[in-house]
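Heads up: the structure comes next, in structure tokens.
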Amino acid sequence: MQGVEVMEAPAPAVARIAADKPLLRFITCGSVDDGKSTLIGRLLYDANLAPDDLIAALEADSKKHGTQGDDLDFALLVDGLAAEREQGITIDVAYRYFATDKRKFIVADTPGHEQYTRNMAVGSSTADLAILLVDARKGILPQTRRHSVINSMFGVRHVVVAVNKMDLVGYSEDVFRKIVADFHEFAKNLHFASIYVVPLVAKDGDNLVHSSQYMPWHDGPSLLAYLEGVAVEDVMRIAPFRMPVQWVNRPNLDFRGFSGFISGGNIRPGDIVRILPSGRDTRVSRVVTYDGDLESGVSGQSVTITLAEEIDCSRGDLLSSPVSPAQVGDRLEAKLLWLVREPLTTGKSYLLKIGTKTTPAVVNLVQSRIEIETGLATPLGAEETLAFNEIGEAQLSLETVVACDPYVENRETGGFILIDRITNETVAVGMVKEVSASSRRVAAPLADVSYASMEGVALDQGSVLSTPKRSLLKAASWLVPATLINFVIVNALLSDAVVSFEIAIAQTIAISALRHFHERFWTRSAFGLESKEGPTAANDPGI
């Protein structure tokens with residue numbers, strides 16, 4: 001078949017060529033019965049990307065479950081559940097993988113029913129682009145708007161509006177132009193990077209792979225041609241390093257590594273990493289996979305990292321760049337998509353899972369609700385909350401501190417779910433906007449830590465933090481007497497009170513500045529330091 005590599009044992013050279021193709025993750029979404037599954041099935045069929053055994057199964061299934069009479073029902077290529085075929089709807093997310101000569105694709109066919117919005121959100125959470133189906137007869141529906149807002153909320157920046165069933169409106173350009181204008185007016189507050197609108201007939205293949213003869217007034221590329229050429233930025237590979245620790249890998253006494261999925265940046269042996277939320281810095285010794293050690297690990301890979309020191313690190317911790325570390329705190333401002341029939345209850349304890357960390361959490365306040373008609377936030381009263389499928393902005397308090405990023409910076413470390421502690425049901429999905437720490441938390445683990453910690457200088461996490469009043473009093477206790485003594489000595493020599501006072505003040509300022517820079521320099525210097533077992537650590541009272 002043309003356009004797809006089908007082989008039993010691909011040669012290494014061919015595998016490298018396939019690996020070098022750019023990958024596009026996209027979803028199909030929109031209101032119920034707008035033709036999402038049919039679009040994907042017909043696209044695979046027309047592009048010769050469906051294997052022969054699937055086509056044979058489709059022909060048999062169309063006779064038994066089809067809704068298109070004697071024609072093939074292309075929706076059955078992706079609607080595989082028995083309940084989906086019986087009801088003729090999409091319920092779960094169906095993933096399909098295919099490749100053309102120009103690009104690799106992972107498509108998620110998501111349901112349109114309001115009842116299954118949570119499944120649509122799952123597909124949107126990993127997508128680079130969304131194909132939003134619109135029935136040409138009905139125009140922009142509430143569920144179309146809801147899916148648009150959810151895509152914007154999940155960071156999908158590229159949207160294709162596929163105006164389907166154009167044959168049922170006589171291939172009217174006026175109908176198409178009205179839908180284009182309506183969507184652009186609605187989406188102006190959703191901050192999409194690109195919007196491409198294409199008219200098509202999914203069941204007949206018009207404008208899917210080849211241009212339609214019935215719509216010559218449309219001069220844009222076909223849907224597949226656009227998907228092959230759209231530019232999607234892979235920003236995670238140049239983002240700061242992030243890896244949530246999923247598992248402490250300890251197969252024997254000689255190996256201790258930390259396994260996880262790199263969700264941002266890259267890492268090499270010798271690089272410095274910061275373990276959060278403890279704030280301890282150390283160096284990477286090895287980057288290990290099943291196939292052996294790597295020279296570097298990059299975003300999107302699952303690896304095991306070994307560290308130069310035996311440091312307390314466990315599941316739920318985050319390995320982070322020390323230059324641009326993740327934020328640490330127990331207060332979150334976030335966007336929430338409420339997924340269950342029972343309304344959100346402020347003050348109720350839920351479980352919050354972010355990355356590999358799970359902690360009890362409480363929603364203190366729902367500040368606003370996102371209106372589906374406009375995509376804008378409307379402030380809520382103190383007693384108002386979120387109902388089924390509603391989106392809002394809320395404040396949350398956590399029982400323990402977590403390390404995370406704003407969702408706009410990293411989707412993996414900035415997204416979370418809320419779980420009902422009684423039923424274990426996922427009740428909400430959230431995106432972090434801001435992170436802060438409450439005053440009741442000990443600040444030592446949250447403070448920036450010097451690289452001296454990698455040279456054997458112990459971090460006193462249990463010490464009491466000095467308050468600003470104590471620090472000021474401590475400084476004044478020696479600066480004021482020193483200034484008075486300087487004034488008395490200089491005045492005795494010069495017999496000029498004004499000049500003596502000016503000299504004493506100048507000397508005090510100079511000494512204070514020199515002490516500040518002196519402490520900063522020696523805190524960062526490793527000269528003369530040894531491990532705790534060495535003679536320096538035992539004899540030097542400053543360590």
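Lettering and numbering for the structure tokens are positional, with chains as A, B, ... in the shown order, residues counted from 1 in each chain, and ligands counted from 1 in the shown order.
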
What's the 10 Å shell around Val159 in chain A, counting only C-alpha atoms, without same-chain residues fewer than 4 positions away, as a ChimeraX atom specification? /A:26-27,128-132,148,151-152,192-197

Using only N, CA, C and O atoms, please write the residues we just selected to a file, as a tab-separated table (two decimals), in the first residue's frame.
chain	number	residue	atom	x	y	z
A	26	PHE	N	-2.87	14.36	17.60
A	26	PHE	CA	-4.07	15.17	17.45
A	26	PHE	C	-5.30	14.39	17.88
A	26	PHE	O	-5.26	13.15	18.00
A	27	ILE	N	-6.38	15.13	18.15
A	27	ILE	CA	-7.63	14.49	18.54
A	27	ILE	C	-8.74	14.96	17.62
A	27	ILE	O	-8.64	16.01	16.98
A	128	ASP	N	-1.33	17.86	20.41
A	128	ASP	CA	-0.72	19.08	19.88
A	128	ASP	C	-1.73	19.88	19.05
A	128	ASP	O	-1.60	21.09	18.93
A	129	LEU	N	-2.70	19.18	18.49
A	129	LEU	CA	-3.67	19.80	17.58
A	129	LEU	C	-5.03	19.13	17.78
A	129	LEU	O	-5.10	17.94	18.11
A	130	ALA	N	-6.08	19.89	17.61
A	130	ALA	CA	-7.44	19.35	17.73
A	130	ALA	C	-8.21	19.57	16.43
A	130	ALA	O	-8.19	20.67	15.87
A	131	ILE	N	-8.85	18.52	15.95
A	131	ILE	CA	-9.80	18.63	14.84
A	131	ILE	C	-11.19	18.71	15.45
A	131	ILE	O	-11.68	17.76	16.05
A	132	LEU	N	-11.80	19.87	15.31
A	132	LEU	CA	-13.11	20.13	15.92
A	132	LEU	C	-14.18	19.98	14.85
A	132	LEU	O	-14.27	20.79	13.93
A	148	SER	N	-13.99	23.28	22.73
A	148	SER	CA	-13.01	24.31	22.37
A	148	SER	C	-12.35	24.89	23.63
A	148	SER	O	-11.13	25.07	23.68
A	151	ASN	N	-9.97	22.31	25.14
A	151	ASN	CA	-8.72	22.26	24.39
A	151	ASN	C	-7.81	23.43	24.73
A	151	ASN	O	-6.60	23.26	24.91
A	152	SER	N	-8.39	24.62	24.82
A	152	SER	CA	-7.59	25.78	25.20
A	152	SER	C	-7.03	25.62	26.61
A	152	SER	O	-5.87	25.94	26.89
A	192	PHE	N	-5.78	30.53	20.69
A	192	PHE	CA	-5.21	29.51	19.81
A	192	PHE	C	-4.14	30.15	18.93
A	192	PHE	O	-4.29	31.29	18.46
A	193	ALA	N	-3.06	29.40	18.68
A	193	ALA	CA	-1.98	29.92	17.82
A	193	ALA	C	-2.39	29.90	16.36
A	193	ALA	O	-1.97	30.77	15.59
A	194	SER	N	-3.18	28.91	15.95
A	194	SER	CA	-3.62	28.84	14.55
A	194	SER	C	-4.99	28.18	14.49
A	194	SER	O	-5.31	27.29	15.29
A	195	ILE	N	-5.82	28.65	13.55
A	195	ILE	CA	-7.14	28.09	13.30
A	195	ILE	C	-7.29	27.90	11.80
A	195	ILE	O	-7.18	28.86	11.04
A	196	TYR	N	-7.50	26.66	11.38
A	196	TYR	CA	-7.73	26.37	9.96
A	196	TYR	C	-9.11	25.75	9.81
A	196	TYR	O	-9.45	24.79	10.52
A	197	VAL	N	-9.93	26.30	8.92
A	197	VAL	CA	-11.30	25.82	8.73
A	197	VAL	C	-11.40	25.18	7.35
A	197	VAL	O	-11.03	25.81	6.35

Hey, what's within 8 Å of range 383-396 of chain A if we count only C-alpha atoms and toss same-chain stuff fewer than 2 positions away? As a ChimeraX atom specification, please? /A:114,117,331-346,361-371,377,380-381,398

Emit the selected residues as a short mmCIF file (atom, residue, chain, number, x, y, z; two decimals), in the first residue's frame, including N, CA, C and O atoms.
data_model
loop_
_atom_site.label_atom_id
_atom_site.label_comp_id
_atom_site.auth_asym_id
_atom_site.auth_seq_id
_atom_site.Cartn_x
_atom_site.Cartn_y
_atom_site.Cartn_z
N GLU A 114 -21.96 14.71 26.37
CA GLU A 114 -21.59 15.40 27.61
C GLU A 114 -21.23 14.41 28.71
O GLU A 114 -20.35 14.67 29.54
N THR A 117 -17.46 13.58 28.74
CA THR A 117 -16.52 14.69 28.59
C THR A 117 -15.17 14.35 29.21
O THR A 117 -14.13 14.77 28.72
N ARG A 331 0.02 25.68 48.45
CA ARG A 331 -1.15 26.46 48.03
C ARG A 331 -1.13 26.56 46.51
O ARG A 331 -0.13 26.96 45.92
N LEU A 332 -2.24 26.21 45.89
CA LEU A 332 -2.34 26.25 44.43
C LEU A 332 -3.51 27.11 44.01
O LEU A 332 -4.58 27.06 44.61
N GLU A 333 -3.29 27.90 42.97
CA GLU A 333 -4.38 28.50 42.21
C GLU A 333 -4.44 27.76 40.89
O GLU A 333 -3.42 27.65 40.20
N ALA A 334 -5.61 27.25 40.54
CA ALA A 334 -5.69 26.35 39.39
C ALA A 334 -7.02 26.48 38.68
O ALA A 334 -8.00 26.98 39.24
N LYS A 335 -7.03 26.02 37.43
CA LYS A 335 -8.27 25.83 36.69
C LYS A 335 -8.74 24.40 36.92
O LYS A 335 -7.93 23.46 36.89
N LEU A 336 -10.04 24.22 37.12
CA LEU A 336 -10.61 22.91 37.35
C LEU A 336 -11.70 22.61 36.33
O LEU A 336 -12.50 23.49 36.00
N LEU A 337 -11.73 21.38 35.85
CA LEU A 337 -12.84 20.84 35.05
C LEU A 337 -13.52 19.79 35.92
O LEU A 337 -12.92 18.75 36.22
N TRP A 338 -14.74 20.06 36.34
CA TRP A 338 -15.45 19.17 37.25
C TRP A 338 -16.13 18.07 36.44
O TRP A 338 -16.87 18.34 35.50
N LEU A 339 -15.93 16.79 36.83
CA LEU A 339 -16.25 15.67 35.95
C LEU A 339 -17.41 14.80 36.42
O LEU A 339 -17.80 13.87 35.71
N VAL A 340 -17.97 15.06 37.60
CA VAL A 340 -19.00 14.16 38.13
C VAL A 340 -20.30 14.93 38.40
O VAL A 340 -20.32 16.16 38.44
N ARG A 341 -21.38 14.16 38.58
CA ARG A 341 -22.70 14.77 38.77
C ARG A 341 -22.81 15.51 40.10
O ARG A 341 -23.47 16.54 40.19
N GLU A 342 -22.17 14.99 41.13
CA GLU A 342 -22.22 15.65 42.44
C GLU A 342 -21.38 16.92 42.39
O GLU A 342 -20.21 16.89 42.01
N PRO A 343 -21.94 18.07 42.77
CA PRO A 343 -21.19 19.33 42.68
C PRO A 343 -19.95 19.33 43.58
O PRO A 343 -19.88 18.59 44.57
N LEU A 344 -19.02 20.16 43.22
CA LEU A 344 -17.82 20.34 44.04
C LEU A 344 -18.22 20.89 45.41
O LEU A 344 -19.05 21.79 45.51
N THR A 345 -17.60 20.36 46.45
CA THR A 345 -17.87 20.81 47.82
C THR A 345 -16.62 21.48 48.38
O THR A 345 -15.59 20.81 48.56
N THR A 346 -16.68 22.77 48.61
CA THR A 346 -15.55 23.46 49.21
C THR A 346 -15.39 23.01 50.66
O THR A 346 -16.37 22.78 51.36
N ALA A 361 -5.97 17.17 49.83
CA ALA A 361 -6.14 18.57 49.43
C ALA A 361 -7.57 19.01 49.67
O ALA A 361 -8.50 18.18 49.68
N VAL A 362 -7.73 20.30 49.85
CA VAL A 362 -9.05 20.90 50.07
C VAL A 362 -9.22 22.07 49.11
O VAL A 362 -8.29 22.86 48.93
N VAL A 363 -10.37 22.15 48.46
CA VAL A 363 -10.71 23.31 47.65
C VAL A 363 -11.29 24.37 48.57
O VAL A 363 -12.38 24.21 49.11
N ASN A 364 -10.53 25.45 48.79
CA ASN A 364 -10.98 26.49 49.72
C ASN A 364 -12.04 27.40 49.12
O ASN A 364 -12.99 27.80 49.79
N LEU A 365 -11.87 27.73 47.83
CA LEU A 365 -12.73 28.73 47.21
C LEU A 365 -12.76 28.54 45.71
O LEU A 365 -11.72 28.28 45.09
N VAL A 366 -13.93 28.63 45.13
CA VAL A 366 -14.07 28.67 43.66
C VAL A 366 -14.26 30.14 43.29
O VAL A 366 -15.28 30.75 43.62
N GLN A 367 -13.26 30.72 42.65
CA GLN A 367 -13.27 32.15 42.38
C GLN A 367 -14.16 32.54 41.21
O GLN A 367 -14.82 33.58 41.24
N SER A 368 -14.16 31.70 40.16
CA SER A 368 -14.91 32.08 38.96
C SER A 368 -15.28 30.84 38.16
O SER A 368 -14.75 29.75 38.38
N ARG A 369 -16.21 31.02 37.23
CA ARG A 369 -16.63 29.97 36.32
C ARG A 369 -16.40 30.44 34.89
O ARG A 369 -16.69 31.60 34.56
N ILE A 370 -15.87 29.55 34.04
CA ILE A 370 -15.66 29.86 32.63
C ILE A 370 -16.97 29.66 31.89
O ILE A 370 -17.52 28.56 31.87
N GLU A 371 -17.48 30.73 31.30
CA GLU A 371 -18.74 30.65 30.56
C GLU A 371 -18.49 30.03 29.18
O GLU A 371 -17.63 30.50 28.42
N ALA A 377 -14.16 34.26 32.11
CA ALA A 377 -14.44 33.90 33.49
C ALA A 377 -15.43 34.87 34.10
O ALA A 377 -15.33 36.09 33.93
N LEU A 380 -17.73 34.24 40.97
CA LEU A 380 -18.78 33.54 41.69
C LEU A 380 -18.89 34.06 43.11
O LEU A 380 -17.93 34.59 43.67
N GLY A 381 -20.07 33.87 43.72
CA GLY A 381 -20.27 34.22 45.11
C GLY A 381 -19.59 33.23 46.03
O GLY A 381 -19.12 32.16 45.60
N LEU A 398 -3.04 22.19 50.30
CA LEU A 398 -2.54 20.82 50.33
C LEU A 398 -2.01 20.49 51.71
O LEU A 398 -1.53 21.36 52.44
#

Please determine, counting only C-alpha atoms, which residue among A:Leu479, A:Leu351, A:Val273, A:Ala506 has the shortest atom-to-atom distance to Val427 in chain A. A:Leu351

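Minimum atom-to-atom distances from A:Ser172, A:Thr144, A:Thr38, A:Thr100 to Lys21 in chain A were compared using only C-alpha atoms, and the lowest value belongs to A:Thr100.
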
Write out as a PyMOL selection string all residues of range 288-416 of chain A that DSSP puts in strand (DSSP E) for this structure's backbone. chain A and resi 288-289+292-293+297-298+302-307+318-320+327-338+349-354+357-370+377-379+391-404+415-416

Using only C-alpha atoms: which of A:Val298, A:Leu200, A:Val107, A:Met120 has the shortest distance to Arg237 in chain A: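 Closest candidate: A:Val298.
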
Here is a test: counting only C-alpha atoms, which residue of A:Val488, A:Ile503, A:Ala225, A:Met153 is nearest to Lys433 in chain A? A:Met153

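Put simply, CA of Arg256 in chain A is 17.3 Å away from CA of Asp291 in chain A.
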
Just list the residues in range 104-272 of chain A DSSP gives helix (DSSP H, G or I) on the backbone, as a ChimeraX atom specification. /A:114-124,142-153,166-169,173-187,223-229,235-238
